[in-house]
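Asker: Contents of work13.cif (mmCIF, C-alpha atoms and all ligand atoms) are below:
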data_query
#
loop_
_atom_site.group_PDB
_atom_site.id
_atom_site.type_symbol
_atom_site.label_atom_id
_atom_site.label_comp_id
_atom_site.auth_asym_id
_atom_site.auth_seq_id
_atom_site.Cartn_x
_atom_site.Cartn_y
_atom_site.Cartn_z
ATOM 1 C CA MET D 1020 21.122 -11.788 -3.342
ATOM 2 C CA GLN D 1021 17.403 -12.267 -2.831
ATOM 3 C CA LYS D 1022 15.375 -9.068 -3.223
ATOM 4 C CA THR D 1023 13.483 -7.589 -0.314
ATOM 5 C CA VAL D 1024 10.016 -6.069 -0.446
ATOM 6 C CA LEU D 1025 8.324 -4.073 2.289
ATOM 7 C CA VAL D 1026 4.528 -4.050 2.207
ATOM 8 C CA THR D 1027 3.171 -1.480 4.636
ATOM 9 C CA GLY D 1028 -0.187 -2.542 6.025
ATOM 10 C CA GLY D 1029 0.639 -6.048 4.803
ATOM 11 C CA SER D 1030 -1.226 -7.891 7.512
ATOM 12 C CA ARG D 1031 -4.757 -7.604 6.136
ATOM 13 C CA GLY D 1032 -6.779 -6.812 3.023
ATOM 14 C CA ILE D 1033 -5.018 -5.640 -0.120
ATOM 15 C CA GLY D 1034 -1.575 -5.563 1.530
ATOM 16 C CA LYS D 1035 -1.876 -9.176 2.654
ATOM 17 C CA GLU D 1036 -2.579 -10.363 -0.898
ATOM 18 C CA ILE D 1037 0.373 -8.320 -2.183
ATOM 19 C CA ALA D 1038 2.589 -9.956 0.466
ATOM 20 C CA VAL D 1039 1.292 -13.394 -0.578
ATOM 21 C CA ARG D 1040 2.235 -12.741 -4.206
ATOM 22 C CA PHE D 1041 5.755 -11.598 -3.369
ATOM 23 C CA ALA D 1042 6.306 -14.523 -0.980
ATOM 24 C CA LYS D 1043 5.200 -16.948 -3.692
ATOM 25 C CA ALA D 1044 7.605 -15.248 -6.107
ATOM 26 C CA GLY D 1045 10.504 -15.905 -3.717
ATOM 27 C CA TYR D 1046 11.174 -12.446 -2.291
ATOM 28 C CA ASN D 1047 12.119 -11.611 1.283
ATOM 29 C CA VAL D 1048 8.911 -10.050 2.536
ATOM 30 C CA ALA D 1049 8.566 -7.600 5.428
ATOM 31 C CA VAL D 1050 4.928 -7.446 6.494
ATOM 32 C CA ASN D 1051 4.277 -4.193 8.322
ATOM 33 C CA TYR D 1052 1.274 -3.743 10.583
ATOM 34 C CA CYS D 1053 0.178 -1.246 13.186
ATOM 35 C CA SER D 1054 -2.287 -2.634 15.686
ATOM 36 C CA HIS D 1055 -3.559 -6.102 14.747
ATOM 37 C CA GLU D 1056 -0.623 -8.282 15.769
ATOM 38 C CA ALA D 1057 -2.494 -11.605 15.716
ATOM 39 C CA GLU D 1058 -3.556 -10.921 12.115
ATOM 40 C CA ALA D 1059 0.040 -10.099 11.155
ATOM 41 C CA VAL D 1060 1.366 -13.294 12.753
ATOM 42 C CA ARG D 1061 -1.291 -15.336 10.915
ATOM 43 C CA THR D 1062 -0.275 -13.716 7.641
ATOM 44 C CA VAL D 1063 3.422 -14.412 8.218
ATOM 45 C CA ASN D 1064 2.700 -18.033 9.130
ATOM 46 C CA LEU D 1065 0.707 -18.388 5.916
ATOM 47 C CA LEU D 1066 3.462 -16.793 3.815
ATOM 48 C CA ASN D 1067 6.086 -19.060 5.327
ATOM 49 C CA THR D 1068 4.223 -22.101 4.030
ATOM 50 C CA PHE D 1069 4.959 -21.116 0.427
ATOM 51 C CA GLY D 1070 7.934 -22.756 -1.228
ATOM 52 C CA GLY D 1071 8.736 -25.343 1.431
ATOM 53 C CA ALA D 1072 10.561 -25.346 4.741
ATOM 54 C CA PHE D 1073 13.776 -23.856 3.317
ATOM 55 C CA ARG D 1074 11.906 -20.588 2.922
ATOM 56 C CA ILE D 1075 11.184 -20.166 6.631
ATOM 57 C CA ASP D 1076 12.491 -16.783 7.843
ATOM 58 C CA ASN D 1077 12.145 -15.118 4.461
ATOM 59 C CA VAL D 1078 9.085 -13.422 5.819
ATOM 60 C CA THR D 1079 8.843 -11.266 8.903
ATOM 61 C CA ALA D 1080 6.163 -9.153 10.579
ATOM 62 C CA ILE D 1081 7.206 -5.740 11.841
ATOM 63 C CA ARG D 1082 5.035 -3.462 13.923
ATOM 64 C CA ALA D 1083 5.390 0.211 13.077
ATOM 65 C CA ASP D 1084 2.969 3.077 12.846
ATOM 66 C CA VAL D 1085 3.991 4.554 9.499
ATOM 67 C CA SER D 1086 2.978 8.019 10.692
ATOM 68 C CA ASP D 1087 5.825 7.937 13.249
ATOM 69 C CA PRO D 1088 9.276 8.589 11.740
ATOM 70 C CA ASP D 1089 11.138 6.883 14.610
ATOM 71 C CA GLN D 1090 9.076 3.708 14.280
ATOM 72 C CA VAL D 1091 9.601 3.709 10.507
ATOM 73 C CA GLN D 1092 13.365 4.147 10.995
ATOM 74 C CA SER D 1093 13.416 1.199 13.451
ATOM 75 C CA MET D 1094 11.409 -0.890 10.981
ATOM 76 C CA PHE D 1095 14.028 -0.332 8.271
ATOM 77 C CA GLU D 1096 16.810 -1.200 10.744
ATOM 78 C CA ARG D 1097 15.000 -4.448 11.566
ATOM 79 C CA ILE D 1098 14.632 -5.251 7.873
ATOM 80 C CA HIS D 1099 18.375 -4.709 7.457
ATOM 81 C CA GLY D 1100 19.092 -6.906 10.468
ATOM 82 C CA THR D 1101 16.759 -9.676 9.278
ATOM 83 C CA PHE D 1102 17.455 -9.796 5.554
ATOM 84 C CA GLY D 1103 20.893 -8.198 5.402
ATOM 85 C CA GLY D 1104 20.197 -5.317 3.063
ATOM 86 C CA GLY D 1105 17.792 -2.536 2.223
ATOM 87 C CA VAL D 1106 14.351 -2.522 0.667
ATOM 88 C CA ASP D 1107 14.396 -3.074 -3.103
ATOM 89 C CA ILE D 1108 10.650 -2.760 -3.625
ATOM 90 C CA LEU D 1109 8.524 -0.537 -1.410
ATOM 91 C CA ILE D 1110 4.751 -0.919 -1.447
ATOM 92 C CA ASN D 1111 3.153 2.001 0.398
ATOM 93 C CA ASN D 1112 -0.196 0.384 1.066
ATOM 94 C CA ALA D 1113 -0.994 1.199 4.723
ATOM 95 C CA GLY D 1114 -3.961 3.494 4.948
ATOM 96 C CA ILE D 1115 -6.997 4.493 6.925
ATOM 97 C CA ALA D 1116 -10.404 5.751 5.833
ATOM 98 C CA GLN D 1117 -13.251 7.533 7.563
ATOM 99 C CA GLN D 1118 -16.737 8.604 6.480
ATOM 100 C CA LYS D 1119 -17.924 11.919 7.916
ATOM 101 C CA LEU D 1120 -19.759 15.001 6.772
ATOM 102 C CA PHE D 1121 -17.197 17.670 6.003
ATOM 103 C CA SER D 1122 -18.557 19.863 8.793
ATOM 104 C CA ASP D 1123 -18.007 17.033 11.315
ATOM 105 C CA ILE D 1124 -14.362 16.428 10.426
ATOM 106 C CA SER D 1125 -12.226 17.578 13.358
ATOM 107 C CA GLU D 1126 -8.700 18.866 13.057
ATOM 108 C CA GLN D 1127 -7.553 15.628 14.737
ATOM 109 C CA ASP D 1128 -9.422 13.563 12.116
ATOM 110 C CA TRP D 1129 -7.776 15.584 9.373
ATOM 111 C CA ASP D 1130 -4.300 15.315 10.867
ATOM 112 C CA ARG D 1131 -4.548 11.565 11.508
ATOM 113 C CA MET D 1132 -5.720 10.974 7.926
ATOM 114 C CA PHE D 1133 -2.773 12.892 6.505
ATOM 115 C CA ASP D 1134 -0.284 11.540 9.054
ATOM 116 C CA VAL D 1135 -1.008 7.936 8.036
ATOM 117 C CA ASN D 1136 -1.963 8.217 4.364
ATOM 118 C CA VAL D 1137 0.524 10.878 3.259
ATOM 119 C CA LYS D 1138 3.270 11.276 5.847
ATOM 120 C CA GLY D 1139 3.480 7.486 6.109
ATOM 121 C CA VAL D 1140 4.412 7.377 2.412
ATOM 122 C CA PHE D 1141 6.913 10.216 2.933
ATOM 123 C CA HIS D 1142 8.616 8.496 5.895
ATOM 124 C CA CYS D 1143 8.891 5.110 4.187
ATOM 125 C CA CYS D 1144 10.253 6.592 0.957
ATOM 126 C CA GLN D 1145 12.868 8.607 2.848
ATOM 127 C CA CYS D 1146 14.109 5.505 4.644
ATOM 128 C CA ALA D 1147 14.045 3.298 1.533
ATOM 129 C CA LEU D 1148 15.772 5.660 -0.870
ATOM 130 C CA PRO D 1149 19.439 5.675 0.269
ATOM 131 C CA HIS D 1150 19.716 1.932 -0.558
ATOM 132 C CA MET D 1151 17.825 2.293 -3.854
ATOM 133 C CA ILE D 1152 19.836 5.313 -4.978
ATOM 134 C CA HIS D 1153 23.090 3.545 -4.061
ATOM 135 C CA ARG D 1154 22.050 0.531 -6.169
ATOM 136 C CA LYS D 1155 20.622 2.722 -8.941
ATOM 137 C CA ALA D 1156 17.552 0.465 -8.896
ATOM 138 C CA GLY D 1157 14.296 0.273 -7.039
ATOM 139 C CA LYS D 1158 10.541 0.378 -7.338
ATOM 140 C CA ILE D 1159 8.084 2.320 -5.253
ATOM 141 C CA ILE D 1160 4.374 1.616 -5.630
ATOM 142 C CA ASN D 1161 1.947 3.813 -3.748
ATOM 143 C CA ILE D 1162 -1.653 2.750 -3.162
ATOM 144 C CA SER D 1163 -3.900 5.753 -3.630
ATOM 145 C CA SER D 1164 -7.627 5.518 -4.437
ATOM 146 C CA MET D 1165 -10.001 6.474 -7.233
ATOM 147 C CA TRP D 1166 -11.488 8.891 -4.700
ATOM 148 C CA GLY D 1167 -8.183 10.759 -4.843
ATOM 149 C CA GLN D 1168 -8.890 11.231 -8.554
ATOM 150 C CA VAL D 1169 -12.546 12.229 -8.462
ATOM 151 C CA GLY D 1170 -13.406 12.929 -4.808
ATOM 152 C CA ALA D 1171 -15.915 11.137 -2.592
ATOM 153 C CA SER D 1172 -18.764 12.766 -0.745
ATOM 154 C CA CYS D 1173 -18.371 12.488 3.045
ATOM 155 C CA GLU D 1174 -14.725 11.561 2.592
ATOM 156 C CA VAL D 1175 -13.091 14.920 1.939
ATOM 157 C CA HIS D 1176 -10.052 14.262 4.129
ATOM 158 C CA TYR D 1177 -9.608 10.733 2.726
ATOM 159 C CA SER D 1178 -9.983 11.971 -0.865
ATOM 160 C CA ALA D 1179 -7.578 14.865 -0.280
ATOM 161 C CA SER D 1180 -4.976 12.558 1.280
ATOM 162 C CA LYS D 1181 -5.178 10.140 -1.639
ATOM 163 C CA ALA D 1182 -4.936 13.024 -4.135
ATOM 164 C CA ALA D 1183 -1.774 14.072 -2.300
ATOM 165 C CA VAL D 1184 -0.322 10.608 -2.847
ATOM 166 C CA ILE D 1185 -0.931 11.001 -6.589
ATOM 167 C CA GLY D 1186 0.926 14.343 -6.696
ATOM 168 C CA PHE D 1187 3.684 12.871 -4.536
ATOM 169 C CA THR D 1188 4.084 9.944 -6.949
ATOM 170 C CA LYS D 1189 4.337 12.131 -10.052
ATOM 171 C CA ALA D 1190 6.882 14.505 -8.501
ATOM 172 C CA LEU D 1191 9.088 11.818 -6.969
ATOM 173 C CA ALA D 1192 9.079 9.839 -10.222
ATOM 174 C CA LYS D 1193 10.601 12.827 -12.037
ATOM 175 C CA GLU D 1194 13.239 13.331 -9.354
ATOM 176 C CA LEU D 1195 14.252 9.667 -9.189
ATOM 177 C CA GLY D 1196 14.190 8.841 -12.899
ATOM 178 C CA PRO D 1197 17.922 9.510 -13.287
ATOM 179 C CA SER D 1198 18.547 7.039 -10.443
ATOM 180 C CA ASN D 1199 16.598 4.359 -12.327
ATOM 181 C CA ILE D 1200 13.951 4.170 -9.619
ATOM 182 C CA GLN D 1201 10.378 3.798 -10.858
ATOM 183 C CA VAL D 1202 7.654 5.415 -8.752
ATOM 184 C CA ASN D 1203 4.088 4.530 -9.651
ATOM 185 C CA CYS D 1204 0.684 4.610 -8.098
ATOM 186 C CA ILE D 1205 -2.347 2.357 -8.134
ATOM 187 C CA ALA D 1206 -5.767 3.913 -7.665
ATOM 188 C CA PRO D 1207 -8.139 1.087 -6.705
ATOM 189 C CA GLY D 1208 -11.886 1.380 -7.040
ATOM 190 C CA VAL D 1209 -14.196 -0.395 -4.610
ATOM 191 C CA ILE D 1210 -12.359 -3.459 -3.295
ATOM 192 C CA SER D 1211 -13.880 -5.969 -0.924
ATOM 193 C CA THR D 1212 -11.886 -5.664 2.348
ATOM 194 C CA ASP D 1213 -12.444 -4.705 5.988
ATOM 195 C CA MET D 1214 -12.189 -1.068 4.899
ATOM 196 C CA ASN D 1215 -15.607 -1.378 3.219
ATOM 197 C CA SER D 1216 -17.174 -3.771 5.720
ATOM 198 C CA HIS D 1217 -19.299 -0.969 7.209
ATOM 199 C CA LEU D 1218 -21.159 -0.532 3.883
ATOM 200 C CA ASP D 1219 -24.531 -2.274 3.765
ATOM 201 C CA GLU D 1220 -25.592 -4.680 1.006
ATOM 202 C CA GLU D 1221 -27.696 -2.062 -0.749
ATOM 203 C CA THR D 1222 -24.763 0.369 -0.997
ATOM 204 C CA MET D 1223 -22.446 -2.369 -2.259
ATOM 205 C CA GLU D 1224 -25.046 -3.381 -4.861
ATOM 206 C CA SER D 1225 -25.382 0.186 -6.065
ATOM 207 C CA LEU D 1226 -21.588 0.516 -6.294
ATOM 208 C CA ARG D 1227 -21.503 -2.728 -8.263
ATOM 209 C CA GLN D 1228 -24.133 -1.384 -10.658
ATOM 210 C CA ASP D 1229 -22.104 1.806 -11.125
ATOM 211 C CA THR D 1230 -19.112 -0.295 -12.233
ATOM 212 C CA PRO D 1231 -18.953 -1.036 -15.984
ATOM 213 C CA LEU D 1232 -17.444 -4.473 -15.324
ATOM 214 C CA GLU D 1233 -20.422 -5.135 -13.027
ATOM 215 C CA ARG D 1234 -18.600 -6.429 -9.997
ATOM 216 C CA ILE D 1235 -16.848 -5.256 -6.860
ATOM 217 C CA GLY D 1236 -13.075 -5.577 -7.069
ATOM 218 C CA ASN D 1237 -11.084 -8.023 -4.996
ATOM 219 C CA VAL D 1238 -7.615 -7.985 -3.477
ATOM 220 C CA LYS D 1239 -6.235 -10.153 -6.275
ATOM 221 C CA ASP D 1240 -7.191 -7.481 -8.833
ATOM 222 C CA VAL D 1241 -5.005 -4.940 -7.040
ATOM 223 C CA ALA D 1242 -2.156 -7.342 -6.247
ATOM 224 C CA SER D 1243 -1.896 -8.349 -9.925
ATOM 225 C CA ALA D 1244 -1.431 -4.703 -10.923
ATOM 226 C CA VAL D 1245 1.213 -4.284 -8.213
ATOM 227 C CA MET D 1246 3.132 -7.342 -9.427
ATOM 228 C CA PHE D 1247 3.154 -5.946 -12.960
ATOM 229 C CA LEU D 1248 4.464 -2.546 -11.867
ATOM 230 C CA ALA D 1249 7.085 -4.258 -9.681
ATOM 231 C CA SER D 1250 8.286 -6.455 -12.560
ATOM 232 C CA LYS D 1251 11.017 -5.897 -15.143
ATOM 233 C CA GLU D 1252 8.217 -5.632 -17.715
ATOM 234 C CA ALA D 1253 7.390 -2.230 -16.217
ATOM 235 C CA ASP D 1254 10.937 -0.840 -16.229
ATOM 236 C CA PHE D 1255 10.002 2.008 -18.616
ATOM 237 C CA ILE D 1256 6.895 2.994 -16.696
ATOM 238 C CA THR D 1257 7.154 5.688 -14.042
ATOM 239 C CA GLY D 1258 5.016 8.482 -12.627
ATOM 240 C CA GLN D 1259 1.805 6.706 -13.689
ATOM 241 C CA ILE D 1260 -1.505 6.317 -11.928
ATOM 242 C CA LEU D 1261 -3.010 2.932 -12.774
ATOM 243 C CA GLY D 1262 -6.744 2.674 -12.110
ATOM 244 C CA VAL D 1263 -7.917 -0.754 -10.905
ATOM 245 C CA ASN D 1264 -11.586 0.090 -10.704
ATOM 246 C CA GLY D 1265 -13.585 -2.008 -13.197
ATOM 247 C CA GLY D 1266 -13.997 1.042 -15.427
ATOM 248 C CA MET D 1267 -15.771 3.167 -12.802
ATOM 249 C CA ILE D 1268 -13.351 6.068 -13.299
ATOM 250 C CA ILE D 1269 -11.842 6.492 -16.729
HETATM 251 P P1 LIG D 1301 -7.677 -2.602 5.451
HETATM 252 O O1 LIG D 1301 -8.234 -3.939 5.146
HETATM 253 O O2 LIG D 1301 -8.367 -1.716 6.417
HETATM 254 O O3 LIG D 1301 -6.143 -2.797 5.898
HETATM 255 C C1 LIG D 1301 -5.383 -1.683 6.245
HETATM 256 C C2 LIG D 1301 -3.957 -2.105 6.524
HETATM 257 O O4 LIG D 1301 -3.210 -0.903 6.824
HETATM 258 C C3 LIG D 1301 -3.835 -3.026 7.731
HETATM 259 O O5 LIG D 1301 -2.809 -3.947 7.509
HETATM 260 C C4 LIG D 1301 -3.444 -2.054 8.849
HETATM 261 O O6 LIG D 1301 -2.679 -2.657 9.879
HETATM 262 C C5 LIG D 1301 -2.576 -1.067 8.085
HETATM 263 N N1 LIG D 1301 -2.452 0.222 8.757
HETATM 264 C C6 LIG D 1301 -3.428 1.107 9.079
HETATM 265 N N2 LIG D 1301 -2.902 2.175 9.710
HETATM 266 C C7 LIG D 1301 -1.566 1.960 9.780
HETATM 267 C C8 LIG D 1301 -0.484 2.694 10.313
HETATM 268 N N3 LIG D 1301 -0.647 3.877 10.921
HETATM 269 N N4 LIG D 1301 0.769 2.175 10.217
HETATM 270 C C9 LIG D 1301 0.967 0.971 9.620
HETATM 271 N N5 LIG D 1301 -0.022 0.225 9.103
HETATM 272 C C10 LIG D 1301 -1.282 0.706 9.186
HETATM 273 O O7 LIG D 1301 -7.543 -1.720 4.130
HETATM 274 P P2 LIG D 1301 -7.467 -2.135 2.570
HETATM 275 O O8 LIG D 1301 -8.823 -2.049 2.017
HETATM 276 O O9 LIG D 1301 -6.667 -3.374 2.411
HETATM 277 O O10 LIG D 1301 -6.666 -0.866 2.019
HETATM 278 C C11 LIG D 1301 -5.280 -0.879 1.694
HETATM 279 C C12 LIG D 1301 -4.957 0.395 0.948
HETATM 280 O O11 LIG D 1301 -5.759 0.483 -0.222
HETATM 281 C C13 LIG D 1301 -5.243 1.661 1.753
HETATM 282 O O12 LIG D 1301 -4.245 2.611 1.509
HETATM 283 C C14 LIG D 1301 -6.579 2.127 1.194
HETATM 284 O O13 LIG D 1301 -6.770 3.498 1.357
HETATM 285 C C15 LIG D 1301 -6.436 1.718 -0.252
HETATM 286 N N6 LIG D 1301 -7.702 1.568 -0.955
HETATM 287 C C16 LIG D 1301 -8.636 0.656 -0.546
HETATM 288 C C17 LIG D 1301 -9.828 0.554 -1.237
HETATM 289 C C18 LIG D 1301 -10.906 -0.419 -0.861
HETATM 290 O O14 LIG D 1301 -12.013 -0.322 -1.425
HETATM 291 N N7 LIG D 1301 -10.673 -1.351 0.064
HETATM 292 C C19 LIG D 1301 -10.065 1.379 -2.344
HETATM 293 C C20 LIG D 1301 -9.097 2.298 -2.726
HETATM 294 C C21 LIG D 1301 -7.924 2.374 -2.032
HETATM 295 P P3 LIG D 1301 -3.398 -3.098 11.277
HETATM 296 O O15 LIG D 1301 -4.339 -4.193 10.911
HETATM 297 O O16 LIG D 1301 -2.307 -3.553 12.178
HETATM 298 O O17 LIG D 1301 -4.100 -1.878 11.782
#
When written as structure tokens, how does the structure in this file appear?
Answerer:
Amino acid sequence: MQKTVLVTGGSRGIGKEIAVRFAKAGYNVAVNYCSHEAEAVRTVNLLNTFGGAFRIDNVTAIRADVSDPDQVQSMFERIHGTFGGGVDILINNAGIAQQKLFSDISEQDWDRMFDVNVKGVFHCCQCALPHMIHRKAGKIINISSMWGQVGASCEVHYSASKAAVIGFTKALAKELGPSNIQVNCIAPGVISTDMNSHLDEETMESLRQDTPLERIGNVKDVASAVMFLASKEADFITGQILGVNGGMII
């Protein structure tokens, strides 16, 4: 039976490229999104062009706010209804960011950041695990950030949420090892997506200069690391944090 992957936040940016790679590799792909439906539909239409007409319907877009447990539960039920099984590979990519002085961060800002970036990972893992544990196989890849490793000024809540994802990954990997489920994390550096579109040219240039490989990362850089961790080649790798940051954080 064809394997199923769920990419949360798969409609745009890094998640979209991850979805593209899995679609090209012949997986059933569930593309989750939250608010930009037109973008999600465009992504699904693109994915359905890979591999010829016989592949139509191997890709589906599902709206769910990952911070809401009921919506996440419904998303997994829809995946079951569409593809006839559970999720074999879970990519927890959906995330939000916000730049604010620490003193300006409201409790609502803090809660929203953690609800999406941390609780979203928690909800999706809880729904995905019964199927994976039953099969004694599965891969979970969480997208954190290098700022979760070293902290970013004016992004305390973002950095703290991404650090939480790193701790989550390490702990869950230990718990699920005996079930042959690998749980790993990717910590991207600066990647060119909508998330960074507010940064001016000067800031991007200075970030580029701070990067030993002397360029800003792109979505393909992250998707390639995801495909490796999702592959059989990575079967003995779990609980790891893989930096995809051009050497900025070592
Ligand atoms: P992006 O272009 O802003 O895309 C974010 C994606 O997440 C969109 O598909 C969005 O869906 C989805 N999303 C947001 N809130 C959601 C929610 N509550 N429920 C479900 N989906 C939600 O961001 P990106 O740059 O690709 O980032 C992807 C991941 O990489 C994030 O976790 C981010 O923190 C991490 N990351 C990014 C960078 C970077 O430099 N870009 C660096 C390090 C880590 P809608 O369009 O429907 O809202």
Asker: Give me, please, the distance in Å between atom C18 of ligand LIG 1301 (chain D) and CA of Asn1067 in chain D, quoted to one decimal.
Answerer: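 Distance between the two atoms: 26.0 Å.
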Asker: Write out as a ChimeraX atom specification the residues lying within 8 Å of Leu1120 in chain D, counting only C-alpha atoms and excluding same-chain residues fewer than 6 positions away.
Answerer: /D:1172-1174
Asker: Using C-alpha atoms, can you export the residues from the last selection as a PDB file, in the frame of the given file?
Answerer:
ATOM      1  CA  SER D1172     -18.764  12.766  -0.745  1.00  0.00           C
ATOM      2  CA  CYS D1173     -18.371  12.488   3.045  1.00  0.00           C
ATOM      3  CA  GLU D1174     -14.725  11.561   2.592  1.00  0.00           C
TER       4      GLU D1174
END
Asker: Given the file shown, enumerate the residues that the PyMOL selection byres (((not hetatm)) within 6 of (chain D and resi 1301)) captures and present them as an NGL selection string.
Answerer: :D and (1027-1034 or 1052-1055 or 1083-1086 or 1112-1115 or 1135 or 1162-1164 or 1207-1215)
Asker: Fewer than 2 positions away in the same chain doesn't count, so skip those; otherwise give me all residues within 8 Å of Ala1080 in chain D, counting all atoms listed in the file, as a PyMOL selection string.
Answerer: chain D and resi 1049-1052+1059-1060+1063+1078+1082
Asker: With C-alpha atoms retained, export the selected residues as a PDB file, in the frame of the given file.
Answerer:
ATOM      1  CA  ALA D1049       8.566  -7.600   5.428  1.00  0.00           C
ATOM      2  CA  VAL D1050       4.928  -7.446   6.494  1.00  0.00           C
ATOM      3  CA  ASN D1051       4.277  -4.193   8.322  1.00  0.00           C
ATOM      4  CA  TYR D1052       1.274  -3.743  10.583  1.00  0.00           C
ATOM      5  CA  ALA D1059       0.040 -10.099  11.155  1.00  0.00           C
ATOM      6  CA  VAL D1060       1.366 -13.294  12.753  1.00  0.00           C
ATOM      7  CA  VAL D1063       3.422 -14.412   8.218  1.00  0.00           C
ATOM      8  CA  VAL D1078       9.085 -13.422   5.819  1.00  0.00           C
ATOM      9  CA  ARG D1082       5.035  -3.462  13.923  1.00  0.00           C
TER      10      ARG D1082
END
Asker: Just to confirm, what's the straight-line distance from CA of Met1151 in chain D to CA of Gln1201 in chain D in Å (one decimal)?
Answerer: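 If I compute the distance from CA of Met1151 in chain D to CA of Gln1201 in chain D, I get 10.3 Å.
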Asker: Which residues fall under the PyMOL selection byres (((chain D and resi 1248) around 10) and not hetatm) in this file, as a list in words?
Answerer: Lys1158, Ile1159, Ile1160, Gln1201, Val1202, Asn1203, Cys1204, Ile1205, Ala1242, Ser1243, Ala1244, Val1245, Met1246, Phe1247, Ala1249, Ser1250, Lys1251, Glu1252, Ala1253, Asp1254, Phe1255, Ile1256, Thr1257, Gln1259 and Leu1261 of chain D
Asker: Interatomic distance between CA of Ala1183 in chain D and CA of His1099 in chain D?
Answerer: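 Spanning CA of Ala1183 in chain D to CA of His1099 in chain D is a straight-line distance of 29.2 Å.
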Asker: Considering only C-alpha atoms, can you say which of D:Val1048, D:Ile1152, D:Ile1124, D:Val1140 comes closest to Thr1101 in chain D?
Answerer: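 With only C-alpha atoms as the atom set, the closest residue is D:Val1048.
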Asker: Any idea what's packed within 12 Å of Ala1044 in chain D, counting all atoms listed in the file, ignoring anything in its chain fewer than 2 positions away? Could you give it as a list in words?
Answerer: Gln1021, Lys1022, Thr1023, Val1024, Ile1037, Ala1038, Val1039, Arg1040, Phe1041, Ala1042, Tyr1046, Asn1047, Val1048, Leu1066, Phe1069, Gly1070, Arg1074, Asn1077, Met1246, Ala1249 and Ser1250 of chain D
Asker: Compare D:Ala1156, D:Val1169, D:Met1223, D:Ala1182 by their minimum atom-to-atom distance to Asn1136 in chain D, counting all atoms listed in the file, and give me the closest one.
Answerer: D:Ala1182
Asker: Could you tell me which of D:Ile1081, D:Ala1171, D:Leu1109, D:Val1184 comes closest to Asp1134 in chain D if we count all atoms listed in the file?
Answerer: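 Closest to Asp1134 in chain D, using all atoms listed in the file: D:Val1184.
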